[in-house]
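Colleague: For reference, this is work_13.txt, and it has compact mmCIF, C-alpha atoms.
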```txt
# COMPACT_ATOMS: atom_id res chain seq x y z
CA MET A 1 113.34 100.84 105.21
CA GLY A 2 111.69 99.27 108.26
CA ALA A 3 108.24 100.46 107.17
CA ALA A 4 108.77 99.12 103.64
CA ASP A 5 109.99 95.75 104.88
CA VAL A 6 106.71 95.19 106.74
CA VAL A 7 104.68 95.41 103.50
CA PRO A 8 104.52 92.21 101.40
CA GLY A 9 105.73 93.19 97.94
CA VAL A 10 107.96 96.12 98.91
CA SER A 11 111.69 95.94 99.65
CA GLY A 12 113.76 97.89 102.15
CA GLY A 13 116.56 97.63 99.59
CA THR A 14 114.42 99.73 97.24
CA ILE A 15 114.23 102.49 99.85
CA ALA A 16 118.00 102.29 100.35
CA PHE A 17 118.47 102.84 96.63
CA ILE A 18 115.98 105.71 96.56
CA THR A 19 117.84 107.46 99.37
CA HIS A 20 121.27 106.75 97.80
CA ILE A 21 122.69 104.82 100.76
CA TYR A 22 122.73 101.35 99.20
CA GLU A 23 126.42 100.99 98.35
CA ARG A 24 127.47 102.59 101.64
CA LEU A 25 125.22 100.12 103.47
CA ILE A 26 126.72 97.10 101.67
CA LYS A 27 130.29 98.27 102.29
CA SER A 28 129.59 98.97 105.98
CA ILE A 29 128.00 95.57 106.55
CA ASP A 30 130.87 93.80 104.80
CA LYS A 31 133.39 95.56 107.09
CA VAL A 32 131.77 94.17 110.24
CA SER A 33 133.98 91.49 111.77
CA PHE A 34 134.47 89.79 115.13
CA ILE A 35 137.88 91.47 115.53
CA LEU A 36 136.47 94.97 114.94
CA LEU A 37 133.62 94.28 117.37
CA LEU A 38 136.19 93.27 120.02
CA GLN A 39 138.18 96.43 119.31
CA LEU A 40 135.10 98.47 120.15
CA LEU A 41 135.57 97.28 123.74
CA GLY A 42 139.29 98.09 123.82
CA PHE A 43 141.61 101.07 123.40
CA ASN A 44 141.10 101.31 119.63
CA ARG A 45 137.35 101.76 119.86
CA LYS A 46 137.32 105.16 118.10
CA ALA A 47 139.27 103.82 115.13
CA ALA A 48 137.14 100.66 115.06
CA TRP A 49 133.96 102.73 115.18
CA ARG A 50 135.12 104.84 112.23
CA SER A 51 136.18 101.73 110.31
CA LEU A 52 132.75 100.17 110.83
CA ASP A 53 131.00 103.42 109.87
CA GLY A 54 129.37 102.86 113.24
CA SER A 55 127.29 106.05 113.40
CA PHE A 56 125.71 105.27 110.03
CA LEU A 57 124.98 101.60 110.82
CA SER A 58 123.68 102.22 114.34
CA LEU A 59 121.34 105.05 113.29
CA LEU A 60 120.10 103.01 110.33
CA ALA A 61 119.50 99.91 112.47
CA LEU A 62 117.67 102.03 115.04
CA GLY A 63 115.53 103.57 112.30
CA VAL A 64 114.70 100.17 110.76
CA ALA A 65 113.75 98.70 114.16
CA THR A 66 111.66 101.77 115.02
CA GLY A 67 109.93 101.68 111.64
CA ILE A 68 109.07 97.99 112.01
CA LEU A 69 107.71 98.36 115.56
CA ILE A 70 105.75 101.56 114.93
CA VAL A 71 104.46 100.83 111.45
CA SER A 72 103.64 97.10 111.74
CA SER A 73 100.25 97.69 113.38
CA GLY A 74 99.41 100.59 111.07
CA ILE A 75 100.41 98.66 107.95
CA SER A 76 98.28 95.71 109.04
CA TRP A 77 95.33 98.10 109.44
CA LEU A 78 95.94 99.79 106.08
CA LEU A 79 96.25 96.42 104.33
CA THR A 80 92.78 95.59 105.69
CA ALA A 81 91.02 98.98 105.47
CA TYR A 82 92.71 100.74 102.53
CA PRO A 83 94.73 98.14 100.61
CA ILE A 84 94.27 99.69 97.16
CA PRO A 85 95.62 103.20 97.99
CA LEU A 86 98.48 101.61 99.96
CA TRP A 87 99.49 99.41 97.01
CA ALA A 88 99.07 102.38 94.65
CA PHE A 89 101.49 104.41 96.78
CA PHE A 90 104.15 101.70 96.69
CA PHE A 91 103.49 101.05 92.99
CA GLY A 92 104.26 104.70 92.27
CA LEU A 93 107.32 104.64 94.50
CA ILE A 94 108.77 101.53 92.83
CA LEU A 95 107.88 102.71 89.31
CA ALA A 96 109.66 106.02 89.84
CA SER A 97 112.57 104.21 91.48
CA THR A 98 112.94 102.09 88.35
CA PHE A 99 113.70 105.20 86.29
CA VAL A 100 116.14 106.48 88.92
CA LEU A 101 117.99 103.16 89.01
CA LYS A 102 117.91 102.84 85.19
CA ASN A 103 119.77 106.14 84.92
CA SER A 104 122.50 104.75 87.20
CA VAL A 105 123.42 102.13 84.60
CA SER A 106 126.38 103.55 82.68
CA ARG A 107 126.12 101.31 79.58
CA TRP A 108 123.04 99.63 78.16
CA ASN A 109 124.62 96.84 76.11
CA ILE A 110 123.62 93.22 75.48
CA PRO A 111 124.95 91.91 78.85
CA ALA A 112 123.10 94.72 80.69
CA PHE A 113 119.80 94.03 78.91
CA THR A 114 120.24 90.29 79.54
CA ALA A 115 120.89 90.91 83.24
CA MET A 116 117.82 93.17 83.45
CA ALA A 117 115.67 90.49 81.78
CA LEU A 118 116.90 87.82 84.22
CA GLY A 119 116.24 90.12 87.19
CA PHE A 120 112.74 90.82 85.86
CA LEU A 121 111.93 87.12 85.43
CA LEU A 122 113.26 86.24 88.90
CA ALA A 123 111.24 88.96 90.68
CA LEU A 124 108.10 88.16 88.66
CA GLY A 125 108.52 84.43 89.32
CA ILE A 126 108.87 84.95 93.07
CA GLY A 127 105.70 87.04 93.04
CA LEU A 128 103.73 84.23 91.38
CA ILE A 129 104.79 81.44 93.78
CA THR A 130 102.05 80.01 96.00
CA PRO A 131 102.86 80.37 99.75
CA SER A 132 103.48 77.34 101.97
CA SER A 133 102.04 76.64 105.42
CA GLY A 134 105.50 76.88 107.06
CA SER A 135 106.50 75.90 110.58
CA ASN A 136 106.88 77.59 113.97
CA SER A 137 110.02 75.70 115.03
CA LEU A 138 112.96 77.92 116.02
CA ILE A 139 115.34 76.17 113.58
CA TYR A 140 112.95 76.83 110.70
CA LEU A 141 112.54 80.46 111.80
CA PHE A 142 116.35 80.83 111.96
CA PHE A 143 116.65 79.87 108.28
CA CYS A 144 113.65 82.09 107.47
CA GLY A 145 115.60 84.97 108.99
CA MET A 146 118.58 84.23 106.73
CA LEU A 147 116.49 84.19 103.56
CA VAL A 148 114.34 87.16 104.48
CA VAL A 149 117.25 89.50 105.23
CA ILE A 150 118.88 88.59 101.91
CA ALA A 151 115.58 89.45 100.19
CA MET A 152 115.25 92.69 102.18
CA ILE A 153 118.63 93.95 100.97
CA LEU A 154 117.77 93.35 97.30
CA PRO A 155 115.73 96.09 95.59
CA GLY A 156 112.50 94.67 94.20
CA ILE A 157 112.54 91.45 96.27
CA SER A 158 110.18 91.78 99.22
CA GLY A 159 111.34 90.34 102.54
CA ALA A 160 107.77 90.40 103.86
CA PHE A 161 106.52 88.48 100.82
CA ILE A 162 109.30 85.91 101.28
CA LEU A 163 107.97 85.49 104.83
CA ILE A 164 104.51 84.81 103.36
CA LEU A 165 105.97 82.27 100.94
CA LEU A 166 107.72 80.54 103.85
CA GLY A 167 104.54 80.64 105.96
CA ALA A 168 106.09 82.82 108.68
CA TYR A 169 104.55 86.27 108.06
CA GLU A 170 101.76 85.93 110.65
CA THR A 171 104.28 84.46 113.12
CA VAL A 172 106.46 87.58 112.86
CA LEU A 173 103.54 90.02 113.15
CA SER A 174 102.30 88.08 116.17
CA ALA A 175 105.81 88.20 117.70
CA LEU A 176 105.91 91.99 117.23
CA ASP A 177 102.55 92.34 119.00
CA LYS A 178 103.82 90.13 121.85
CA ILE A 179 106.91 92.32 122.26
CA LYS A 180 104.68 95.39 122.55
CA SER A 181 102.83 93.49 125.31
CA PHE A 182 106.18 92.58 126.96
CA GLU A 183 105.76 88.84 126.32
CA ILE A 184 109.08 86.92 126.26
CA GLU A 185 107.93 84.51 123.53
CA GLY A 186 107.84 87.28 120.94
CA LEU A 187 111.36 88.40 121.87
CA ILE A 188 112.73 84.83 121.54
CA ILE A 189 111.23 84.41 118.06
CA LEU A 190 112.63 87.72 116.81
CA LEU A 191 116.07 87.09 118.36
CA VAL A 192 116.29 83.69 116.63
CA MET A 193 115.29 85.22 113.30
CA ALA A 194 117.66 88.16 113.85
CA ALA A 195 120.55 85.73 114.45
CA GLY A 196 119.78 83.99 111.16
CA GLY A 197 119.40 87.35 109.47
CA LEU A 198 122.77 88.63 110.68
CA ILE A 199 124.56 85.54 109.36
CA GLY A 200 122.76 85.71 106.01
CA LEU A 201 123.31 89.45 105.73
CA LYS A 202 127.03 89.26 106.45
CA ALA A 203 127.60 86.49 103.90
CA PHE A 204 125.48 88.11 101.21
CA ALA A 205 126.94 91.61 101.75
CA ARG A 206 130.39 90.25 100.87
CA VAL A 207 129.03 88.81 97.61
CA LEU A 208 127.22 92.05 96.77
CA ARG A 209 130.26 94.20 97.53
CA TRP A 210 132.39 92.08 95.18
CA LEU A 211 129.72 92.32 92.48
CA PHE A 212 129.59 96.10 92.85
CA SER A 213 133.37 96.39 92.63
CA GLN A 214 133.77 94.03 89.66
CA HIS A 215 130.46 94.15 87.75
CA LYS A 216 128.65 97.30 88.90
CA ASN A 217 126.94 97.97 85.57
CA ILE A 218 125.57 94.41 85.38
CA ILE A 219 124.35 94.36 88.98
CA LEU A 220 122.58 97.73 88.57
CA ALA A 221 120.89 96.45 85.41
CA THR A 222 119.83 93.27 87.26
CA MET A 223 118.37 95.32 90.11
CA THR A 224 116.49 97.46 87.59
CA GLY A 225 114.94 94.20 86.38
CA PHE A 226 114.10 93.26 89.97
CA LEU A 227 112.16 96.51 90.38
CA ILE A 228 110.28 96.14 87.08
CA GLY A 229 109.41 92.51 87.91
CA SER A 230 108.11 93.46 91.37
CA LEU A 231 105.57 95.93 89.90
CA TYR A 232 103.16 93.08 89.14
CA LYS A 233 103.14 92.04 92.79
CA VAL A 234 102.24 95.56 94.02
CA TRP A 235 99.64 96.37 91.32
CA PRO A 236 96.68 97.67 93.40
CA TRP A 237 93.79 95.93 91.63
CA LYS A 238 93.79 92.15 91.75
CA LYS A 239 91.23 89.40 91.98
CA ILE A 240 91.39 86.37 94.24
CA THR A 241 91.98 83.21 92.24
CA ALA A 242 93.46 80.95 94.92
CA ASN A 243 93.81 80.39 98.66
CA TYR A 244 96.71 79.31 100.85
CA THR A 245 97.02 77.95 104.39
CA ASN A 246 99.01 80.19 106.73
CA SER A 247 101.28 79.11 109.59
CA LYS A 248 98.29 78.94 111.96
CA GLY A 249 96.43 76.52 109.69
CA ILE A 250 93.92 79.17 108.62
CA GLU A 251 93.02 79.44 104.94
CA GLU A 252 93.73 82.91 103.54
CA PRO A 253 92.73 84.44 100.17
CA LEU A 254 95.59 84.97 97.70
CA PRO A 255 95.03 87.84 95.22
CA THR A 256 97.13 86.74 92.24
CA THR A 257 95.67 87.97 88.96
CA ALA A 258 96.06 91.65 88.04
CA MET A 259 93.03 93.41 86.60
CA LEU A 260 92.01 96.89 85.47
CA PRO A 261 89.99 98.92 88.01
CA GLU A 262 86.24 99.33 87.61
CA PHE A 263 86.00 103.12 87.53
CA SER A 264 82.27 103.08 88.28
CA ASN A 265 82.75 100.91 91.37
CA PRO A 266 83.41 102.98 94.55
CA ASP A 267 85.12 99.96 96.14
CA ALA A 268 87.89 100.30 93.53
CA GLN A 269 88.94 103.52 95.31
CA VAL A 270 90.35 104.91 92.06
CA VAL A 271 90.51 108.51 93.30
CA LEU A 272 92.30 107.60 96.54
CA ALA A 273 94.66 105.31 94.64
CA THR A 274 95.48 108.08 92.15
CA VAL A 275 96.21 110.52 94.98
CA ALA A 276 98.43 107.94 96.69
CA PHE A 277 100.23 107.22 93.40
CA ILE A 278 100.90 110.94 92.77
CA ALA A 279 102.02 111.37 96.40
CA ALA A 280 104.60 108.61 95.87
CA LEU A 281 105.92 110.29 92.71
CA CYS A 282 106.17 113.64 94.52
CA LEU A 283 107.94 112.00 97.47
CA LEU A 284 110.58 110.46 95.22
CA TYR A 285 110.98 113.72 93.30
CA PHE A 286 111.69 115.66 96.50
CA LEU A 287 114.00 112.91 97.77
CA GLU A 288 115.98 113.13 94.53
CA LYS A 289 116.12 116.94 94.76
CA PHE A 290 117.26 116.69 98.37
CA ASN A 291 119.97 114.13 97.56
CA LYS A 292 121.25 116.16 94.59
CA LYS A 293 121.38 119.28 96.75
CA ASN A 294 123.39 117.43 99.41
CA ASP A 295 125.71 115.92 96.77
CA GLY A 296 126.20 119.37 95.28
```
For the file at hand, write its structure as structure tokens.
Modeller:
Amino acid sequence: MGAADVVPGVSGGTIAFITHIYERLIKSIDKVSFILLLQLLGFNRKAAWRSLDGSFLSLLALGVATGILIVSSGISWLLTAYPIPLWAFFFGLILASTFVLKNSVSRWNIPAFTAMALGFLLALGIGLITPSSGSNSLIYLFFCGMLVVIAMILPGISGAFILILLGAYETVLSALDKIKSFEIEGLIILLVMAAGGLIGLKAFARVLRWLFSQHKNIILATMTGFLIGSLYKVWPWKKITANYTNSKGIEEPLPTTAMLPEFSNPDAQVVLATVAFIAALCLLYFLEKFNKKNDG
């Protein structure tokens, strides 16, 4: 999930769905409360830990943080050196995930198809928005954290791309590099964003848990639409039709229009992209086999 959240266009929520931990994650987050956190320091800490599903949440949080710190530099390099195979891998992963999630919908009726269409339009619309220049103020970054974590938890809505839209993506990557260099400024930025993220996550988890308990079929259909709509954003071959100014005031190219690959052009990296695409399909297949074996 941490590795996926670093990539603009890919959602950690998608990975949670692929690995069949999504509903458990939402329920565990919704259970977190100030009272239970206080009980962890008292005599009822074992009961509070079990109530919070503490082992699950702590291991997951550790994995997400580790993935972000380890993968952020590598993802930045891949996005520069091998962007097409990287996008092809995530395209295959999301495409296969769409079929997995589609099969989770119990009834495909008019409300379900309507919900899927709305989810598709929302995800596609977000992917077509032009990024802003943003701000580096801590208050702005706090609200960025709230919005980004909400996006991260939704399959098909990329938290990293939301950061680009808000003009804070380079700020976060820079903060991660500063933490690796033991600079306090990077830690302050991430703590402020984490505080915003925790508040946004807690509030949104309660809404999602209610939706799953009352309208599970509709919410699964909507999330299927999210995944289908996000495929346009991660299509490997695009041409640059616009530019945007990042948070540092530097103009960056914005690949927005999807195109078919030029098979005769070696720069299209069609073979590498095909291998990456097949690798993603195989990964999801084995993940599904592993999950079914564990469930059985």
Colleague: Taking all atoms listed in the file into account, name the residue in A:Phe143, A:Phe212, A:Phe182, A:Tyr232 that is nearest to A:Ala194.
Modeller: A:Phe143
Colleague: Can you pull out every residue within 8 Å of stretch 196-201 of chain A, counting only C-alpha atoms, but drop anything in the same chain fewer than 4 positions away, and send it as a PyMOL selection string?
Modeller: chain A and resi 29+142-150+192+205
Colleague: Could you tell me how far atom CA of A:Gly186 lies from atom CA of A:Ile153, in Å and to one decimal?
Modeller: 23.7 Å
Colleague: To one decimal in Å, tell me the separation between atom CA of A:Ala175 and atom CA of A:Thr14.
Modeller: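 For atom CA of A:Ala175 relative to atom CA of A:Thr14, the distance reads 25.0 Å.
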Colleague: As lines of an AutoDock Vina configuration file, what would the box around stretch 232-237 of chain A look like: edges along x, y and z, 6 Å added on every side, centre and edge lengths in Å to one decimal?
Modeller:
```
center_x = 98.5
center_y = 94.9
center_z = 91.6
size_x = 21.4
size_y = 17.6
size_z = 16.9
```
Colleague: List as a PyMOL selection string the protein and nucleic acid residues near A:Glu262, meaning an atom at most 12 Å away when only C-alpha atoms are counted, but skip any in the same chain fewer than 5 places from it.
Modeller: chain A and resi 237-239+267-271
Colleague: Given only C-alpha atoms as the basis, pick out the residue of A:Gly167, A:Gly92, A:Gly2, A:Gly54 nearest to A:Thr66.
Modeller: A:Gly2
Colleague: Would you mind reading off the distance between atom CA of A:Ile188 and atom CA of A:Ala168, one decimal, in Å?
Modeller: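 Those two atoms sit 14.6 Å apart.
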Colleague: With distances taken over only C-alpha atoms, which residue among A:Leu208, A:Leu86, A:Leu141, A:Leu284 lies nearest A:Ser28?
Modeller: A:Leu208
Colleague: Select, counting only C-alpha atoms, all protein, DNA and RNA residues no farther than 7 Å from (99.4, 97.4, 93.3) in file coordinates, and express the selection as a ChimeraX atom specification.
Modeller: /A:84,87-88,91,233-237
Colleague: Under the rule that only C-alpha atoms are counted, which of A:Ala117, A:Leu40, A:Met259, A:Leu283 is the nearest residue to A:Thr224?
Modeller: A:Ala117
Colleague: Point out the residue among A:Ile75, A:Phe17, A:Leu25, A:Ile139 with the least atom-to-atom distance to A:Leu59, counting all atoms listed in the file.
Modeller: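 Of A:Ile75, A:Phe17, A:Leu25, A:Ile139, the one nearest A:Leu59 is A:Leu25, counting all atoms listed in the file.
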Colleague: From the set A:Trp108, A:Ala65, A:Asn44, A:Val100, which residue has the shortest atom-to-atom contact distance to A:Asp5, counting all atoms listed in the file?
Modeller: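 That would be A:Ala65, the residue with the smallest distance to A:Asp5.
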